[in-house]
>>> print(open('model.csv').read())   # CSV, C-alpha atoms
chain,number,residue,atom,x,y,z
A,22,MET,CA,-80.7,85.0,-34.6
A,23,ALA,CA,-82.1,82.2,-32.5
A,24,THR,CA,-80.0,79.2,-31.8
A,25,LYS,CA,-81.0,76.1,-33.8
A,26,ASN,CA,-78.9,73.5,-32.0
A,27,LYS,CA,-80.4,70.1,-31.5
A,28,LEU,CA,-77.5,68.9,-29.4
A,29,ASN,CA,-74.2,70.2,-27.9
A,30,PHE,CA,-71.5,70.1,-30.5
A,31,ALA,CA,-67.9,71.2,-30.5
A,32,VAL,CA,-65.9,72.5,-33.5
A,33,MET,CA,-62.3,71.6,-33.9
A,34,ALA,CA,-60.3,73.6,-36.5
A,35,SER,CA,-56.7,74.6,-37.2
A,36,GLY,CA,-57.2,77.8,-39.3
A,37,GLY,CA,-59.6,80.5,-40.3
A,38,GLY,CA,-62.8,79.0,-39.2
A,39,THR,CA,-65.0,79.9,-42.3
A,40,ASN,CA,-67.1,76.8,-41.8
A,41,PHE,CA,-67.6,77.7,-38.2
A,42,GLN,CA,-68.7,81.2,-39.3
A,43,ALA,CA,-71.2,79.7,-41.7
A,44,MET,CA,-72.6,77.6,-38.8
A,45,VAL,CA,-72.9,80.6,-36.5
A,46,ASP,CA,-74.4,82.8,-39.2
A,47,ALA,CA,-77.1,80.2,-39.7
A,48,GLY,CA,-77.9,80.1,-36.0
A,49,HIS,CA,-75.9,77.0,-34.9
A,50,ARG,CA,-73.8,77.7,-31.9
A,51,PRO,CA,-71.1,75.2,-30.8
A,52,CYS,CA,-70.6,74.6,-27.1
A,53,ILE,CA,-66.9,75.2,-27.6
A,54,VAL,CA,-64.2,75.7,-30.3
A,55,LEU,CA,-60.9,73.8,-30.0
A,56,THR,CA,-57.8,74.5,-32.0
A,57,ASN,CA,-54.3,73.2,-32.0
A,58,ASN,CA,-53.1,76.4,-33.5
A,59,PRO,CA,-52.7,79.4,-31.1
A,60,ASP,CA,-52.7,81.8,-34.1
A,61,ALA,CA,-55.8,80.3,-35.8
A,62,TYR,CA,-58.3,83.0,-36.8
A,63,ILE,CA,-61.2,80.8,-35.6
A,64,LEU,CA,-60.2,82.0,-32.1
A,65,GLU,CA,-61.1,85.6,-33.0
A,66,ARG,CA,-64.3,84.4,-34.7
A,67,ALA,CA,-65.3,82.5,-31.5
A,68,LYS,CA,-64.6,85.5,-29.3
A,69,VAL,CA,-66.7,87.8,-31.5
A,70,ALA,CA,-69.5,85.2,-31.4
A,71,GLY,CA,-69.3,84.8,-27.6
A,72,ILE,CA,-68.5,81.1,-27.9
A,73,PRO,CA,-65.9,79.5,-25.5
A,74,SER,CA,-62.6,78.4,-27.1
A,75,ALA,CA,-59.4,76.7,-26.1
A,76,VAL,CA,-56.0,76.0,-27.6
A,77,ILE,CA,-55.3,72.3,-27.1
A,78,ASP,CA,-52.2,70.1,-27.2
A,79,PRO,CA,-53.3,67.7,-30.0
A,80,ASN,CA,-51.3,64.9,-28.3
A,81,ASP,CA,-53.0,65.2,-24.9
A,82,ASP,CA,-56.1,63.1,-25.3
A,83,ALA,CA,-57.0,63.4,-21.6
A,84,GLN,CA,-57.0,67.2,-21.9
A,85,ILE,CA,-59.1,67.2,-25.0
A,86,VAL,CA,-61.7,64.6,-23.6
A,87,SER,CA,-61.8,66.5,-20.4
A,88,ILE,CA,-62.6,69.9,-22.0
A,89,LEU,CA,-65.2,68.3,-24.3
A,90,LYS,CA,-66.9,66.5,-21.5
A,91,GLU,CA,-66.8,69.7,-19.3
A,92,HIS,CA,-68.8,71.4,-22.0
A,93,GLY,CA,-71.3,68.6,-22.4
A,94,THR,CA,-70.2,67.8,-25.9
A,95,GLU,CA,-72.3,65.2,-27.7
A,96,LEU,CA,-70.7,65.5,-31.2
A,97,ILE,CA,-67.5,66.9,-32.6
A,98,PHE,CA,-67.4,68.6,-36.0
A,99,LEU,CA,-64.0,68.9,-37.6
A,100,ALA,CA,-63.9,72.0,-39.8
A,101,GLY,CA,-60.3,72.1,-41.2
A,102,TYR,CA,-58.7,70.4,-38.2
A,103,LEU,CA,-55.3,69.3,-39.5
A,104,ARG,CA,-54.5,66.6,-37.0
A,105,LYS,CA,-55.4,63.0,-36.8
A,106,ILE,CA,-58.0,62.2,-34.2
A,107,SER,CA,-56.9,59.5,-31.7
A,108,PRO,CA,-58.9,56.4,-30.9
A,109,ALA,CA,-59.3,57.8,-27.3
A,110,ILE,CA,-61.4,60.6,-28.7
A,111,ILE,CA,-63.1,58.6,-31.4
A,112,ASN,CA,-64.3,56.1,-28.7
A,113,ASN,CA,-65.8,58.9,-26.6
A,114,PHE,CA,-67.7,61.0,-29.2
A,115,GLU,CA,-69.6,61.0,-32.5
A,116,ILE,CA,-67.2,62.8,-34.9
A,117,PHE,CA,-67.8,64.2,-38.3
A,118,ASN,CA,-65.4,65.9,-40.8
A,119,ILE,CA,-65.9,68.0,-43.8
A,120,HIS,CA,-63.5,67.4,-46.7
A,121,PRO,CA,-63.3,69.5,-49.9
A,122,ALA,CA,-63.7,66.7,-52.4
A,123,HIS,CA,-66.3,64.1,-53.4
A,124,ASP,CA,-63.9,61.2,-54.0
A,125,LEU,CA,-62.3,60.6,-50.6
A,126,HIS,CA,-60.3,57.6,-51.8
A,127,ARG,CA,-58.5,59.6,-54.6
A,128,PHE,CA,-58.5,63.0,-53.0
A,129,GLY,CA,-58.3,62.4,-49.3
A,130,GLY,CA,-55.8,61.1,-46.8
A,131,LYS,CA,-52.8,62.4,-45.0
A,132,GLY,CA,-51.6,65.7,-46.4
A,133,MET,CA,-54.7,66.2,-48.5
A,134,TYR,CA,-56.3,69.5,-47.3
A,135,GLY,CA,-57.1,72.9,-48.5
A,136,VAL,CA,-55.8,73.9,-51.9
A,137,ARG,CA,-53.8,70.7,-52.2
A,138,VAL,CA,-57.0,68.8,-52.7
A,139,HIS,CA,-58.1,71.1,-55.5
A,140,GLU,CA,-54.7,70.9,-57.2
A,141,ALA,CA,-55.0,67.1,-57.2
A,142,VAL,CA,-58.6,67.2,-58.5
A,143,ILE,CA,-57.7,69.5,-61.4
A,144,ALA,CA,-54.6,67.5,-62.2
A,145,SER,CA,-56.7,64.3,-62.4
A,146,GLY,CA,-58.8,65.7,-65.2
A,147,GLU,CA,-62.1,65.5,-63.2
A,148,LYS,CA,-65.0,67.5,-64.6
A,149,ALA,CA,-66.6,68.2,-61.2
A,150,SER,CA,-65.8,68.3,-57.5
A,151,GLY,CA,-67.5,69.1,-54.3
A,152,ALA,CA,-67.4,68.6,-50.6
A,153,THR,CA,-68.2,65.6,-48.4
A,154,ILE,CA,-69.2,65.2,-44.7
A,155,HIS,CA,-68.1,61.9,-43.4
A,156,ARG,CA,-67.8,60.1,-40.1
A,157,VAL,CA,-64.3,60.0,-38.6
A,158,ASN,CA,-62.6,56.8,-37.9
A,159,GLU,CA,-58.9,55.8,-37.2
A,160,HIS,CA,-57.9,56.6,-40.8
A,161,TYR,CA,-57.7,59.9,-42.6
A,162,ASP,CA,-60.9,60.5,-44.7
A,163,GLU,CA,-62.0,56.9,-44.7
A,164,GLY,CA,-65.2,57.1,-42.6
A,165,ALA,CA,-68.7,56.5,-44.0
A,166,ILE,CA,-70.0,59.3,-46.2
A,167,ILE,CA,-73.0,61.1,-44.7
A,168,MET,CA,-73.7,63.7,-47.3
A,169,GLN,CA,-72.2,65.6,-50.2
A,170,THR,CA,-72.6,68.9,-52.1
A,171,PRO,CA,-74.1,68.8,-55.5
A,172,PRO,CA,-71.3,68.5,-58.1
A,173,VAL,CA,-69.3,71.7,-58.7
A,174,ALA,CA,-68.3,72.0,-62.3
A,175,ILE,CA,-64.6,72.4,-63.1
A,176,ASP,CA,-64.1,74.9,-65.9
A,177,LYS,CA,-61.0,74.8,-68.2
A,178,SER,CA,-60.0,78.2,-66.8
A,179,ASP,CA,-60.2,77.0,-63.1
A,180,THR,CA,-57.2,77.2,-61.0
A,181,PRO,CA,-56.9,75.4,-57.7
A,182,GLU,CA,-57.7,78.7,-55.9
A,183,SER,CA,-60.8,79.4,-58.1
A,184,LEU,CA,-62.0,75.9,-57.7
A,185,GLN,CA,-61.5,76.2,-53.9
A,186,LYS,CA,-63.7,79.3,-53.8
A,187,LYS,CA,-66.5,77.5,-55.8
A,188,VAL,CA,-66.4,74.4,-53.6
A,189,LEU,CA,-66.3,76.5,-50.4
A,190,LYS,CA,-69.6,78.2,-51.3
A,191,GLU,CA,-71.3,74.8,-51.5
A,192,GLU,CA,-69.3,73.5,-48.5
A,193,TYR,CA,-70.8,76.2,-46.3
A,194,LYS,CA,-74.4,75.3,-47.4
A,195,LEU,CA,-73.6,71.6,-46.7
A,196,VAL,CA,-72.4,72.3,-43.2
A,197,VAL,CA,-75.5,74.2,-42.3
A,198,ARG,CA,-77.7,71.5,-44.0
A,199,PHE,CA,-76.0,68.8,-41.9
A,200,LEU,CA,-76.5,70.7,-38.7
A,201,ASP,CA,-80.1,71.4,-39.6
A,202,GLU,CA,-80.8,67.7,-40.1
A,203,ILE,CA,-79.0,66.0,-37.2
A,204,SER,CA,-80.7,65.2,-34.0
A,205,PRO,CA,-79.7,62.9,-31.1
A,206,ARG,CA,-82.1,60.2,-32.2
A,207,ASN,CA,-80.7,59.8,-35.7
A,208,LEU,CA,-76.9,60.1,-35.0
A,209,SER,CA,-76.3,56.4,-34.7
A,210,SER,CA,-78.3,55.4,-37.8
>>> encode(input="model.csv", output="structure tokens")
Amino acid sequence: MATKNKLNFAVMASGGGTNFQAMVDAGHRPCIVLTNNPDAYILERAKVAGIPSAVIDPNDDAQIVSILKEHGTELIFLAGYLRKISPAIINNFEIFNIHPAHDLHRFGGKGMYGVRVHEAVIASGEKASGATIHRVNEHYDEGAIIMQTPPVAIDKSDTPESLQKKVLKEEYKLVVRFLDEISPRNLSS
């Protein structure tokens, strides 16, 4: 499949890389994949896709910035990256994150990732959930919302795991839609 990239973007992830796989399957090829986890399955996915990858020390801002600049990175997409991004990186790049809930205030923040988010959403009595792409700032999940999935209905029979699967299906579509729509001229708007 032809590459659709409108700019050089990097992906940072800590786990399996399913959002990364959705990007690649849709023709979006990051310039590099970075992970803080040497056992992350995203490394295997990147290898199969022929995309460079590196295991980073999340506390070494100079290393991270150097690698990203070496690859001409214009934008970073956090796809399950479970570390806080430092101001040194935020000040050098446009950074976006995907989070598996619509209400970032109630279901975001430190420690709110993966199935934990869906447990909290179900426990709150919400009737729907979804995923959100937002800008990254100095605080967990507090940046400006860029786009969201349509609401994903929560059935009485849903478990956190079944809700996670339903939201992920929409999340993958959202990631691809975001990458389809971005371009250098509209990033700062």
>>> closest_residue(input="model.csv", among="A:Lys187, A:Arg156, A:His120, A:His139", to="A:Gly101", atoms="all atoms listed in the file")
A:His120
>>> atom_distance(input="model.csv", atom1="atom CA of A:Glu192", atom2="atom CA of A:Val157")
17.5 Å
>>> atom_distance(input="model.csv", atom1="atom CA of A:Glu115", atom2="atom CA of A:Ala75")
19.8 Å
>>> closest_atom_pairs(input="model.csv", of="stretch 83-124 of chain A", to="stretch 30-44 of chain A", cutoff="12 Å", atoms="all atoms listed in the file", output="Markdown table")
| residue | atom | partner | partner_atom | distance |
| --- | --- | --- | --- | --- |
| A:Ile85 | CA | A:Met33 | CA | 10.4 |
| A:Val86 | CA | A:Ala31 | CA | 11.4 |
| A:Ile88 | CA | A:Ala31 | CA | 10.1 |
| A:Leu89 | CA | A:Ala31 | CA | 7.4 |
| A:Lys90 | CA | A:Ala31 | CA | 10.2 |
| A:Glu91 | CA | A:Ala31 | CA | 11.4 |
| A:His92 | CA | A:Ala31 | CA | 8.5 |
| A:Gly93 | CA | A:Phe30 | CA | 8.2 |
| A:Thr94 | CA | A:Phe30 | CA | 5.3 |
| A:Glu95 | CA | A:Phe30 | CA | 5.7 |
| A:Leu96 | CA | A:Phe30 | CA | 4.7 |
| A:Ile97 | CA | A:Ala31 | CA | 4.8 |
| A:Phe98 | CA | A:Val32 | CA | 4.9 |
| A:Leu99 | CA | A:Met33 | CA | 4.9 |
| A:Ala100 | CA | A:Ala34 | CA | 5.1 |
| A:Gly101 | CA | A:Ala34 | CA | 4.9 |
| A:Tyr102 | CA | A:Ala34 | CA | 4.0 |
| A:Leu103 | CA | A:Ser35 | CA | 5.9 |
| A:Arg104 | CA | A:Ser35 | CA | 8.3 |
| A:Lys105 | CA | A:Met33 | CA | 11.4 |
| A:Ile106 | CA | A:Met33 | CA | 10.3 |
| A:Phe114 | CA | A:Phe30 | CA | 9.9 |
| A:Glu115 | CA | A:Phe30 | CA | 9.5 |
| A:Ile116 | CA | A:Ala31 | CA | 9.5 |
| A:Phe117 | CA | A:Val32 | CA | 9.8 |
| A:Asn118 | CA | A:Met33 | CA | 9.5 |
| A:Ile119 | CA | A:Asn40 | CA | 9.1 |
| A:His120 | CA | A:Asn40 | CA | 11.2 |
| A:Pro121 | CA | A:Asn40 | CA | 11.5 |
>>> residues_near_point(input="model.csv", point="(-57.0, 70.7, -65.5)", cutoff="10 Å", atoms="only C-alpha atoms", output="ChimeraX atom specification")
/A:140-148,175-181
>>> atom_distance(input="model.csv", atom1="atom CA of A:His126", atom2="atom CA of A:Tyr193")
22.1 Å
>>> closest_residue(input="model.csv", among="A:Val138, A:Ala149, A:Ala61, A:Asp201", to="A:Glu182", atoms="all atoms listed in the file")
A:Val138
>>> closest_residue(input="model.csv", among="A:His49, A:Val173, A:Val54, A:Val136", to="A:Val196", atoms="only C-alpha atoms")
A:His49
>>> residues_around(input="model.csv", residues="A:Ala152", least_positions_apart="5", cutoff="9 Å", atoms="all atoms listed in the file", output="ChimeraX atom specification")
/A:119-124,168-173,188-189,191-192,195
